[in-house]
>>> print(open('input-v4.pdb').read())   # PDB, C-alpha atoms and all ligand atoms
MODEL        1
ATOM      1  CA  MET A  18      75.732 -45.575 -52.982  1.00  0.00           C
ATOM      2  CA  ARG A  19      76.734 -46.445 -56.485  1.00  0.00           C
ATOM      3  CA  MET A  20      78.624 -49.655 -56.936  1.00  0.00           C
ATOM      4  CA  VAL A  21      79.750 -51.394 -60.072  1.00  0.00           C
ATOM      5  CA  ILE A  22      80.329 -55.108 -60.112  1.00  0.00           C
ATOM      6  CA  GLY A  23      83.438 -55.882 -62.070  1.00  0.00           C
ATOM      7  CA  ASP A  24      83.880 -58.469 -64.773  1.00  0.00           C
ATOM      8  CA  GLY A  25      85.532 -60.807 -62.314  1.00  0.00           C
ATOM      9  CA  CYS A  26      82.170 -61.952 -60.907  1.00  0.00           C
ATOM     10  CA  ALA A  27      81.262 -64.976 -63.028  1.00  0.00           C
ATOM     11  CA  PHE A  28      77.804 -65.872 -61.774  1.00  0.00           C
ATOM     12  CA  GLY A  29      74.679 -67.173 -63.372  1.00  0.00           C
ATOM     13  CA  ARG A  30      71.453 -65.236 -62.968  1.00  0.00           C
ATOM     14  CA  HIS A  31      70.242 -67.444 -60.112  1.00  0.00           C
ATOM     15  CA  GLN A  32      73.494 -67.058 -58.152  1.00  0.00           C
ATOM     16  CA  SER A  33      73.502 -63.305 -58.717  1.00  0.00           C
ATOM     17  CA  ALA A  34      69.971 -63.053 -57.331  1.00  0.00           C
ATOM     18  CA  LEU A  35      71.150 -64.750 -54.157  1.00  0.00           C
ATOM     19  CA  ALA A  36      74.406 -62.876 -53.924  1.00  0.00           C
ATOM     20  CA  LEU A  37      73.223 -59.308 -54.415  1.00  0.00           C
ATOM     21  CA  PRO A  38      71.238 -59.030 -51.154  1.00  0.00           C
ATOM     22  CA  LEU A  39      74.245 -60.440 -49.353  1.00  0.00           C
ATOM     23  CA  ILE A  40      76.535 -57.938 -51.052  1.00  0.00           C
ATOM     24  CA  ALA A  41      74.178 -55.147 -50.030  1.00  0.00           C
ATOM     25  CA  ALA A  42      74.178 -56.381 -46.443  1.00  0.00           C
ATOM     26  CA  ILE A  43      77.969 -56.536 -46.375  1.00  0.00           C
ATOM     27  CA  LEU A  44      78.265 -53.046 -47.782  1.00  0.00           C
ATOM     28  CA  VAL A  45      75.798 -51.654 -45.238  1.00  0.00           C
ATOM     29  CA  LEU A  46      77.811 -53.256 -42.444  1.00  0.00           C
ATOM     30  CA  MET A  47      81.074 -51.927 -43.849  1.00  0.00           C
ATOM     31  CA  THR A  48      79.674 -48.432 -44.348  1.00  0.00           C
ATOM     32  CA  THR A  49      78.349 -48.473 -40.795  1.00  0.00           C
ATOM     33  CA  ALA A  50      81.757 -49.575 -39.581  1.00  0.00           C
ATOM     34  CA  ALA A  51      83.389 -46.818 -41.628  1.00  0.00           C
ATOM     35  CA  ALA A  52      81.076 -44.248 -40.063  1.00  0.00           C
ATOM     36  CA  ALA A  53      82.126 -45.420 -36.626  1.00  0.00           C
ATOM     37  CA  GLU A  54      85.832 -45.487 -37.412  1.00  0.00           C
ATOM     38  CA  VAL A  55      88.035 -42.779 -36.004  1.00  0.00           C
ATOM     39  CA  ILE A  56      91.475 -41.682 -37.077  1.00  0.00           C
ATOM     40  CA  ASP A  57      93.009 -41.247 -33.641  1.00  0.00           C
ATOM     41  CA  PHE A  58      96.675 -41.165 -34.796  1.00  0.00           C
ATOM     42  CA  GLU A  59      97.477 -44.035 -32.410  1.00  0.00           C
ATOM     43  CA  THR A  60      98.136 -46.293 -35.387  1.00  0.00           C
ATOM     44  CA  ILE A  61      99.501 -45.136 -38.725  1.00  0.00           C
ATOM     45  CA  PRO A  62      98.938 -47.367 -41.756  1.00  0.00           C
ATOM     46  CA  GLY A  63     102.284 -48.412 -43.148  1.00  0.00           C
ATOM     47  CA  GLY A  64     104.301 -47.016 -40.256  1.00  0.00           C
ATOM     48  CA  GLU A  65     104.671 -46.304 -36.561  1.00  0.00           C
ATOM     49  CA  PRO A  66     103.439 -43.166 -34.833  1.00  0.00           C
ATOM     50  CA  THR A  67     106.339 -41.003 -33.662  1.00  0.00           C
ATOM     51  CA  VAL A  68     106.561 -37.360 -32.633  1.00  0.00           C
ATOM     52  CA  GLY A  69     107.146 -35.194 -35.684  1.00  0.00           C
ATOM     53  CA  LEU A  70     105.925 -37.775 -38.198  1.00  0.00           C
ATOM     54  CA  VAL A  71     104.379 -35.981 -41.178  1.00  0.00           C
ATOM     55  CA  ILE A  72     100.760 -36.993 -41.731  1.00  0.00           C
ATOM     56  CA  SER A  73      99.666 -36.839 -45.357  1.00  0.00           C
ATOM     57  CA  ASP A  74      98.318 -39.751 -47.390  1.00  0.00           C
ATOM     58  CA  GLN A  75      98.771 -42.639 -44.923  1.00  0.00           C
ATOM     59  CA  PHE A  76      95.000 -42.925 -44.395  1.00  0.00           C
ATOM     60  CA  GLU A  77      93.988 -42.607 -48.023  1.00  0.00           C
ATOM     61  CA  SER A  78      93.596 -46.278 -48.925  1.00  0.00           C
ATOM     62  CA  SER A  79      91.938 -47.368 -45.691  1.00  0.00           C
ATOM     63  CA  TYR A  80      89.842 -44.329 -44.742  1.00  0.00           C
ATOM     64  CA  GLY A  81      89.539 -42.472 -48.045  1.00  0.00           C
ATOM     65  CA  VAL A  82      90.985 -39.192 -46.786  1.00  0.00           C
ATOM     66  CA  ARG A  83      94.285 -37.394 -47.151  1.00  0.00           C
ATOM     67  CA  PHE A  84      95.728 -34.504 -45.185  1.00  0.00           C
ATOM     68  CA  SER A  85      97.729 -31.525 -46.380  1.00  0.00           C
ATOM     69  CA  VAL A  86      98.501 -27.937 -45.447  1.00  0.00           C
ATOM     70  CA  SER A  87      97.778 -24.917 -47.632  1.00  0.00           C
ATOM     71  CA  ASP A  88     101.389 -23.726 -47.654  1.00  0.00           C
ATOM     72  CA  SER A  89     104.815 -25.288 -47.138  1.00  0.00           C
ATOM     73  CA  ALA A  90     104.078 -26.419 -43.562  1.00  0.00           C
ATOM     74  CA  ASP A  91     103.244 -29.988 -42.520  1.00  0.00           C
ATOM     75  CA  LEU A  92     100.679 -31.669 -40.329  1.00  0.00           C
ATOM     76  CA  VAL A  93     102.775 -33.604 -37.812  1.00  0.00           C
ATOM     77  CA  LEU A  94     102.277 -35.809 -34.773  1.00  0.00           C
ATOM     78  CA  GLY A  95     102.676 -34.563 -31.235  1.00  0.00           C
ATOM     79  CA  ASP A  96     102.302 -36.617 -28.073  1.00  0.00           C
ATOM     80  CA  TYR A  97     100.206 -35.971 -25.010  1.00  0.00           C
ATOM     81  CA  GLY A  98     102.337 -35.104 -22.043  1.00  0.00           C
ATOM     82  CA  GLY A  99     105.567 -35.412 -23.962  1.00  0.00           C
ATOM     83  CA  GLN A 100     107.770 -32.992 -25.791  1.00  0.00           C
ATOM     84  CA  PHE A 101     105.985 -29.690 -26.382  1.00  0.00           C
ATOM     85  CA  GLN A 102     104.247 -29.684 -29.746  1.00  0.00           C
ATOM     86  CA  GLY A 103     100.728 -28.453 -29.171  1.00  0.00           C
ATOM     87  CA  TRP A 104      99.467 -26.231 -26.403  1.00  0.00           C
ATOM     88  CA  VAL A 105     100.214 -24.588 -23.070  1.00  0.00           C
ATOM     89  CA  ASP A 106      97.993 -25.278 -20.091  1.00  0.00           C
ATOM     90  CA  ASP A 107      96.989 -22.908 -17.359  1.00  0.00           C
ATOM     91  CA  SER A 108      97.896 -25.295 -14.553  1.00  0.00           C
ATOM     92  CA  LEU A 109      98.912 -28.630 -16.042  1.00  0.00           C
ATOM     93  CA  ALA A 110     101.978 -29.706 -17.964  1.00  0.00           C
ATOM     94  CA  ASN A 111     102.108 -28.757 -21.637  1.00  0.00           C
ATOM     95  CA  ASP A 112     100.224 -30.985 -24.073  1.00  0.00           C
ATOM     96  CA  VAL A 113      98.181 -32.587 -21.285  1.00  0.00           C
ATOM     97  CA  LEU A 114      94.394 -32.711 -21.418  1.00  0.00           C
ATOM     98  CA  GLN A 115      92.131 -31.717 -18.586  1.00  0.00           C
ATOM     99  CA  PRO A 116      91.168 -34.586 -16.250  1.00  0.00           C
ATOM    100  CA  GLY A 117      88.489 -36.827 -17.693  1.00  0.00           C
ATOM    101  CA  TYR A 118      89.692 -36.666 -21.282  1.00  0.00           C
ATOM    102  CA  ASP A 119      91.619 -39.517 -22.872  1.00  0.00           C
ATOM    103  CA  ARG A 120      92.680 -39.218 -26.483  1.00  0.00           C
ATOM    104  CA  GLY A 121      95.463 -41.789 -26.383  1.00  0.00           C
ATOM    105  CA  GLU A 122      99.124 -40.923 -26.864  1.00  0.00           C
ATOM    106  CA  PHE A 123      99.199 -38.927 -30.100  1.00  0.00           C
ATOM    107  CA  PHE A 124      97.475 -35.971 -31.730  1.00  0.00           C
ATOM    108  CA  ALA A 125      98.167 -34.025 -34.927  1.00  0.00           C
ATOM    109  CA  VAL A 126      99.185 -30.381 -35.207  1.00  0.00           C
ATOM    110  CA  ILE A 127     100.416 -27.823 -37.709  1.00  0.00           C
ATOM    111  CA  PRO A 128     103.242 -25.801 -36.114  1.00  0.00           C
ATOM    112  CA  GLU A 129     102.747 -22.024 -36.260  1.00  0.00           C
ATOM    113  CA  ALA A 130      99.198 -22.514 -37.473  1.00  0.00           C
ATOM    114  CA  GLN A 131      98.502 -18.814 -36.939  1.00  0.00           C
ATOM    115  CA  THR A 132     100.657 -18.000 -39.982  1.00  0.00           C
ATOM    116  CA  PRO A 133      98.400 -16.098 -42.405  1.00  0.00           C
ATOM    117  CA  GLY A 134      97.157 -18.312 -45.217  1.00  0.00           C
ATOM    118  CA  ARG A 135      98.167 -21.529 -43.423  1.00  0.00           C
ATOM    119  CA  TYR A 136      95.354 -24.019 -42.844  1.00  0.00           C
ATOM    120  CA  LEU A 137      94.656 -27.735 -42.680  1.00  0.00           C
ATOM    121  CA  ILE A 138      93.104 -29.401 -45.718  1.00  0.00           C
ATOM    122  CA  ILE A 139      91.312 -32.747 -45.568  1.00  0.00           C
ATOM    123  CA  GLU A 140      90.362 -34.183 -48.942  1.00  0.00           C
ATOM    124  CA  TYR A 141      88.018 -37.119 -49.523  1.00  0.00           C
ATOM    125  CA  VAL A 142      88.582 -39.723 -52.218  1.00  0.00           C
ATOM    126  CA  VAL A 143      84.812 -40.259 -52.257  1.00  0.00           C
ATOM    127  CA  PRO A 144      82.501 -37.601 -50.784  1.00  0.00           C
ATOM    128  CA  ALA A 145      80.927 -38.247 -47.372  1.00  0.00           C
ATOM    129  CA  THR A 146      77.764 -37.136 -45.614  1.00  0.00           C
ATOM    130  CA  GLY A 147      79.328 -36.180 -42.332  1.00  0.00           C
ATOM    131  CA  ALA A 148      82.508 -35.787 -40.321  1.00  0.00           C
ATOM    132  CA  ALA A 149      83.574 -35.049 -36.759  1.00  0.00           C
ATOM    133  CA  PHE A 150      86.811 -34.136 -35.019  1.00  0.00           C
ATOM    134  CA  ASP A 151      88.374 -32.525 -31.957  1.00  0.00           C
ATOM    135  CA  ILE A 152      90.163 -29.185 -31.921  1.00  0.00           C
ATOM    136  CA  ILE A 153      92.094 -28.963 -28.661  1.00  0.00           C
ATOM    137  CA  ASP A 154      92.765 -25.882 -26.516  1.00  0.00           C
ATOM    138  CA  ILE A 155      90.450 -23.262 -27.965  1.00  0.00           C
ATOM    139  CA  ASP A 156      91.125 -20.718 -25.221  1.00  0.00           C
ATOM    140  CA  ASP A 157      92.640 -17.310 -24.596  1.00  0.00           C
ATOM    141  CA  GLY A 158      96.111 -18.365 -23.514  1.00  0.00           C
ATOM    142  CA  PRO A 159      97.424 -18.951 -19.999  1.00  0.00           C
ATOM    143  CA  GLY A 160      95.240 -17.121 -17.527  1.00  0.00           C
ATOM    144  CA  ASN A 161      92.458 -14.824 -18.682  1.00  0.00           C
ATOM    145  CA  ASN A 162      93.387 -12.688 -21.662  1.00  0.00           C
ATOM    146  CA  PRO A 163      90.437 -10.817 -23.145  1.00  0.00           C
ATOM    147  CA  GLY A 164      91.010  -9.986 -26.780  1.00  0.00           C
ATOM    148  CA  GLN A 165      93.259 -12.989 -27.315  1.00  0.00           C
ATOM    149  CA  GLU A 166      90.542 -15.573 -27.834  1.00  0.00           C
ATOM    150  CA  ASP A 167      91.465 -18.411 -30.176  1.00  0.00           C
ATOM    151  CA  GLN A 168      89.132 -18.694 -33.105  1.00  0.00           C
ATOM    152  CA  TRP A 169      88.855 -21.499 -35.671  1.00  0.00           C
ATOM    153  CA  THR A 170      86.958 -21.360 -38.939  1.00  0.00           C
ATOM    154  CA  ILE A 171      85.835 -24.633 -40.501  1.00  0.00           C
ATOM    155  CA  ARG A 172      84.886 -24.673 -44.176  1.00  0.00           C
ATOM    156  CA  VAL A 173      83.299 -27.592 -46.004  1.00  0.00           C
ATOM    157  CA  PHE A 174      83.236 -27.907 -49.791  1.00  0.00           C
ATOM    158  CA  ASP A 175      81.717 -30.274 -52.312  1.00  0.00           C
ATOM    159  CA  SER A 176      83.625 -31.863 -55.177  1.00  0.00           C
ATOM    160  CA  SER A 177      83.002 -28.884 -57.444  1.00  0.00           C
ATOM    161  CA  GLY A 178      84.482 -26.501 -54.904  1.00  0.00           C
ATOM    162  CA  SER A 179      81.196 -25.000 -53.752  1.00  0.00           C
ATOM    163  CA  LEU A 180      81.125 -23.954 -50.115  1.00  0.00           C
ATOM    164  CA  LEU A 181      78.581 -26.089 -48.244  1.00  0.00           C
ATOM    165  CA  HIS A 182      79.088 -25.089 -44.657  1.00  0.00           C
ATOM    166  CA  VAL A 183      81.046 -22.648 -42.504  1.00  0.00           C
ATOM    167  CA  THR A 184      81.403 -22.751 -38.738  1.00  0.00           C
ATOM    168  CA  VAL A 185      83.346 -20.339 -36.546  1.00  0.00           C
ATOM    169  CA  ILE A 186      84.312 -21.529 -33.057  1.00  0.00           C
ATOM    170  CA  THR A 187      85.648 -18.924 -30.638  1.00  0.00           C
ATOM    171  CA  ALA A 188      87.124 -19.365 -27.170  1.00  0.00           C
ATOM    172  CA  GLY A 189      84.295 -19.076 -24.671  1.00  0.00           C
ATOM    173  CA  ASP A 190      81.822 -20.924 -26.885  1.00  0.00           C
ATOM    174  CA  PRO A 191      80.249 -24.003 -25.264  1.00  0.00           C
ATOM    175  CA  GLY A 192      82.695 -26.896 -25.075  1.00  0.00           C
ATOM    176  CA  THR A 193      85.831 -24.795 -25.571  1.00  0.00           C
ATOM    177  CA  GLY A 194      88.559 -24.291 -22.989  1.00  0.00           C
ATOM    178  CA  ASP A 195      92.138 -24.685 -21.869  1.00  0.00           C
ATOM    179  CA  ALA A 196      93.530 -28.169 -22.616  1.00  0.00           C
ATOM    180  CA  THR A 197      90.059 -29.278 -23.650  1.00  0.00           C
ATOM    181  CA  PRO A 198      89.103 -31.145 -26.838  1.00  0.00           C
ATOM    182  CA  THR A 199      86.220 -29.321 -28.506  1.00  0.00           C
ATOM    183  CA  ARG A 200      84.195 -31.753 -30.606  1.00  0.00           C
ATOM    184  CA  HIS A 201      82.843 -30.431 -33.873  1.00  0.00           C
ATOM    185  CA  SER A 202      80.503 -32.342 -36.151  1.00  0.00           C
ATOM    186  CA  VAL A 203      79.574 -31.590 -39.732  1.00  0.00           C
ATOM    187  CA  ASP A 204      76.394 -33.150 -41.075  1.00  0.00           C
ATOM    188  CA  ILE A 205      75.451 -32.276 -44.622  1.00  0.00           C
ATOM    189  CA  GLY A 206      72.435 -34.573 -44.756  1.00  0.00           C
ATOM    190  CA  GLU A 207      71.463 -37.415 -47.040  1.00  0.00           C
ATOM    191  CA  ALA A 208      73.644 -36.673 -50.042  1.00  0.00           C
ATOM    192  CA  PRO A 209      77.316 -37.603 -49.677  1.00  0.00           C
ATOM    193  CA  SER A 210      78.779 -34.307 -50.789  1.00  0.00           C
ATOM    194  CA  ILE A 211      81.639 -33.496 -48.408  1.00  0.00           C
ATOM    195  CA  ALA A 212      84.764 -33.554 -50.568  1.00  0.00           C
ATOM    196  CA  ARG A 213      87.021 -31.169 -48.688  1.00  0.00           C
ATOM    197  CA  ILE A 214      87.281 -29.720 -45.188  1.00  0.00           C
ATOM    198  CA  GLU A 215      89.505 -26.808 -44.221  1.00  0.00           C
ATOM    199  CA  LEU A 216      90.423 -25.767 -40.666  1.00  0.00           C
ATOM    200  CA  GLU A 217      91.975 -22.334 -40.281  1.00  0.00           C
ATOM    201  CA  TYR A 218      93.003 -20.352 -37.224  1.00  0.00           C
ATOM    202  CA  THR A 219      91.284 -16.970 -37.590  1.00  0.00           C
ATOM    203  CA  GLY A 220      91.938 -15.540 -34.143  1.00  0.00           C
ATOM    204  CA  PRO A 221      94.010 -12.465 -33.352  1.00  0.00           C
ATOM    205  CA  LEU A 222      97.192 -14.043 -31.991  1.00  0.00           C
ATOM    206  CA  GLN A 223     100.438 -13.769 -33.902  1.00  0.00           C
ATOM    207  CA  THR A 224     102.341 -16.411 -31.941  1.00  0.00           C
ATOM    208  CA  ALA A 225     101.806 -19.497 -29.815  1.00  0.00           C
ATOM    209  CA  ILE A 226      98.118 -20.131 -30.330  1.00  0.00           C
ATOM    210  CA  GLY A 227      98.324 -23.612 -28.793  1.00  0.00           C
ATOM    211  CA  TRP A 228      96.177 -26.299 -30.387  1.00  0.00           C
ATOM    212  CA  GLY A 229      95.860 -29.902 -31.502  1.00  0.00           C
ATOM    213  CA  PHE A 230      93.704 -32.058 -33.788  1.00  0.00           C
ATOM    214  CA  ASP A 231      92.518 -35.565 -32.904  1.00  0.00           C
ATOM    215  CA  SER A 232      89.782 -38.191 -33.093  1.00  0.00           C
ATOM    216  CA  PHE A 233      88.817 -37.489 -36.670  1.00  0.00           C
ATOM    217  CA  SER A 234      85.818 -39.469 -37.863  1.00  0.00           C
ATOM    218  CA  PRO A 235      85.630 -39.213 -41.648  1.00  0.00           C
ATOM    219  CA  ALA A 236      82.202 -40.873 -41.338  1.00  0.00           C
ATOM    220  CA  ALA A 237      80.444 -42.579 -44.238  1.00  0.00           C
ATOM    221  CA  SER A 238      82.888 -42.539 -47.088  1.00  0.00           C
ATOM    222  CA  ALA A 239      81.090 -44.623 -49.694  1.00  0.00           C
ATOM    223  CA  GLY A 240      83.218 -46.939 -51.761  1.00  0.00           C
ATOM    224  CA  VAL A 241      86.268 -46.752 -49.524  1.00  0.00           C
ATOM    225  CA  MET A 242      85.734 -48.771 -46.405  1.00  0.00           C
ATOM    226  CA  SER A 243      87.363 -48.855 -43.041  1.00  0.00           C
ATOM    227  CA  GLY A 244      90.145 -51.046 -41.838  1.00  0.00           C
ATOM    228  CA  GLY A 245      91.700 -51.583 -45.230  1.00  0.00           C
ATOM    229  CA  THR A 246      88.584 -53.311 -46.581  1.00  0.00           C
ATOM    230  CA  SER A 247      87.577 -52.171 -50.022  1.00  0.00           C
ATOM    231  CA  TRP A 248      85.110 -53.037 -52.699  1.00  0.00           C
ATOM    232  CA  GLY A 249      87.957 -54.888 -54.417  1.00  0.00           C
ATOM    233  CA  SER A 250      88.383 -57.163 -51.401  1.00  0.00           C
ATOM    234  CA  VAL A 251      84.648 -57.887 -51.385  1.00  0.00           C
ATOM    235  CA  LYS A 252      85.044 -59.158 -54.920  1.00  0.00           C
ATOM    236  CA  ALA A 253      88.076 -61.144 -53.802  1.00  0.00           C
ATOM    237  CA  LEU A 254      85.869 -63.042 -51.343  1.00  0.00           C
ATOM    238  CA  PHE A 255      83.947 -64.452 -54.292  1.00  0.00           C
ATOM    239  CA  GLY A 256      87.174 -65.675 -55.808  1.00  0.00           C
ATOM    240  CA  LYS A 257      87.988 -67.543 -52.592  1.00  0.00           C
ATOM    241  CA  GLY A 258      84.591 -69.204 -52.498  1.00  0.00           C
ATOM    242  CA  LEU A 259      83.737 -67.462 -49.223  1.00  0.00           C
ATOM    243  CA  LEU A 260      80.586 -65.964 -50.654  1.00  0.00           C
ATOM    244  CA  PRO A 261      77.886 -67.710 -52.717  1.00  0.00           C
TER
HETATM  245 CA    CA B   1      94.904 -39.683 -30.314  1.00  0.00          CA
HETATM  246 CA    CA B   2      95.831 -23.457 -23.187  1.00  0.00          CA
HETATM  247 CA    CA B   3      95.008 -22.279 -27.390  1.00  0.00          CA
ENDMDL
END
>>> encode(input="input-v4.pdb", output="structure tokens")
Amino acid sequence: MRMVIGDGCAFGRHQSALALPLIAAILVLMTTAAAAEVIDFETIPGGEPTVGLVISDQFESSYGVRFSVSDSADLVLGDYGGQFQGWVDDSLANDVLQPGYDRGEFFAVIPEAQTPGRYLIIEYVVPATGAAFDIIDIDDGPGNNPGQEDQWTIRVFDSSGSLLHVTVITAGDPGTGDATPTRHSVDIGEAPSIARIELEYTGPLQTAIGWGFDSFSPAASAGVMSGGTSWGSVKALFGKGLLP
């Protein structure tokens, strides 16, 4: 982690020697908290979650990530068990998860995500070492439909655009299923190099693939901390006399 102390810190050498370990401890705690934070779409910074709300840069200042879609479509909110936005179930109501899963009230979805060339883009303000998220309803439609298996391709890039990691998840793989959140984790290792993640439907269906996106953990995003806390606010604590 590379941090630069701004000019606003007016300390003598002795005070700095005392303060720096404390700063380091605070940053470790904040980074740990950031790694544990999850964007669950139940709260939206600067607004209220509602069905159809476009999700783009609301999480940029607090989580260090922004969402977009490769073409003119939007990532929008849908609600579990409410108006149809996401997926069809074999035996339950639409947009309901299988028993035992609780992902709150809202999820995110790109309508008509099977459209060729349409995919979700997640960009990091500061690269991260890892990420995790749920893709919901990776299945083969209502009933058993061989040859219609949903398939998702996940691509991870560094800040120079180099491809770091590709994963393909196909209906029938472990953890997939009707109305089921399939957890996927990306772990690049020690170096924080994840700058961009793309999720693209690469299955055979032309219509009504049924899916949702939820519980996104952007993980350790150095320099941009969780919960609206930033390096700038750490410096502000000095100004208030709350730190030595
Ligand atoms: Ca949720
Ligand atoms: Ca389904
Ligand atoms: Ca599906």
>>> closest_residue(input="input-v4.pdb", among="A:Pro133, A:Pro159, A:Gly121, A:Pro62", to="Gln75 of chain A", atoms="only C-alpha atoms")
A:Pro62
>>> atom_distance(input="input-v4.pdb", atom1="atom CA of Ile152 of chain A", atom2="atom CA of Tyr97 of chain A")
14.0 Å
>>> residues_near_ligand(input="input-v4.pdb", ligand="ligand CA 2 (chain B)", cutoff="12 Å", atoms="only C-alpha atoms and all ligand atoms", output="PyMOL selection string")
chain A and resi 103-115+152-162+165-167+188+193-198+225-229
>>> atom_distance(input="input-v4.pdb", atom1="atom CA of Val183 of chain A", atom2="atom CA of Thr199 of chain A")
16.3 Å
>>> residues_near_ligand(input="input-v4.pdb", ligand="ligand CA 1 (chain B)", cutoff="7 Å", atoms="all atoms listed in the file", output="VMD selection string")
chain A and resid 57 to 59 120 to 124 231 to 232
>>> closest_residue(input="input-v4.pdb", among="A:Pro116, A:Glu77, A:Ile61, A:Val68", to="Val93 of chain A", atoms="only C-alpha atoms")
A:Val68
>>> closest_residue(input="input-v4.pdb", among="A:Ser89, A:Thr132, A:Thr146, A:Thr224", to="ligand CA 3 (chain B)", atoms="all atoms listed in the file")
A:Thr224
>>> residues_near_point(input="input-v4.pdb", point="(90.8, -24.3, -40.9)", cutoff="9 Å", atoms="all atoms listed in the file", output="list in words")
Arg135, Tyr136, Leu137, Ile138, Trp169, Thr170, Ile171, Arg172, Ile214, Glu215, Leu216, Glu217, Tyr218 and Thr219 of chain A
>>> closest_residue(input="input-v4.pdb", among="A:Glu54, A:Glu140, A:Glu207, A:Glu129", to="ligand CA 3 (chain B)", atoms="all atoms listed in the file")
A:Glu129
>>> closest_residue(input="input-v4.pdb", among="A:Leu94, A:Ala212, A:Val203, A:Leu222", to="ligand CA 3 (chain B)", atoms="all atoms listed in the file")
A:Leu222
>>> atom_distance(input="input-v4.pdb", atom1="atom CA of Gly64 of chain A", atom2="atom CA of Leu92 of chain A")
15.8 Å
>>> closest_residue(input="input-v4.pdb", among="A:Phe150, A:Tyr80, A:Phe230, A:Tyr118", to="ligand CA 3 (chain B)", atoms="only C-alpha atoms and all ligand atoms")
A:Phe230
>>> resolve_selection(input="input-v4.pdb", expression="the PyMOL selection byres (((chain A and resi 186) around 6) and not hetatm)", output="list in words")
Gln168, Trp169, Val185 and Thr187 of chain A
>>> residues_around(input="input-v4.pdb", residues="Ile139 of chain A", least_positions_apart="2", cutoff="6 Å", atoms="all atoms listed in the file", output="VMD selection string")
chain A and resid 83 to 84 213 to 214
>>> resolve_selection(input="input-v4.pdb", expression="the PyMOL selection byres (((chain A and resi 149) around 8) and not hetatm)", output="list of chain:residue names")
A:Gly147, A:Ala148, A:Phe150, A:Asp151, A:Arg200, A:His201, A:Ser202, A:Val203, A:Ser232, A:Phe233, A:Ser234, A:Pro235, A:Ala236
>>> write_last_selection(input="input-v4.pdb", atoms="C-alpha atoms", output="PDB file, in the frame of the given file")
ATOM      1  CA  GLY A 147      79.328 -36.180 -42.332  1.00  0.00           C
ATOM      2  CA  ALA A 148      82.508 -35.787 -40.321  1.00  0.00           C
ATOM      3  CA  PHE A 150      86.811 -34.136 -35.019  1.00  0.00           C
ATOM      4  CA  ASP A 151      88.374 -32.525 -31.957  1.00  0.00           C
ATOM      5  CA  ARG A 200      84.195 -31.753 -30.606  1.00  0.00           C
ATOM      6  CA  HIS A 201      82.843 -30.431 -33.873  1.00  0.00           C
ATOM      7  CA  SER A 202      80.503 -32.342 -36.151  1.00  0.00           C
ATOM      8  CA  VAL A 203      79.574 -31.590 -39.732  1.00  0.00           C
ATOM      9  CA  SER A 232      89.782 -38.191 -33.093  1.00  0.00           C
ATOM     10  CA  PHE A 233      88.817 -37.489 -36.670  1.00  0.00           C
ATOM     11  CA  SER A 234      85.818 -39.469 -37.863  1.00  0.00           C
ATOM     12  CA  PRO A 235      85.630 -39.213 -41.648  1.00  0.00           C
ATOM     13  CA  ALA A 236      82.202 -40.873 -41.338  1.00  0.00           C
TER      14      ALA A 236
END
>>> residues_around(input="input-v4.pdb", residues="Gln102 of chain A", least_positions_apart="3", cutoff="8 Å", atoms="only C-alpha atoms", output="list in words")
Gly95, Asp96, Asp112, Val126 and Pro128 of chain A
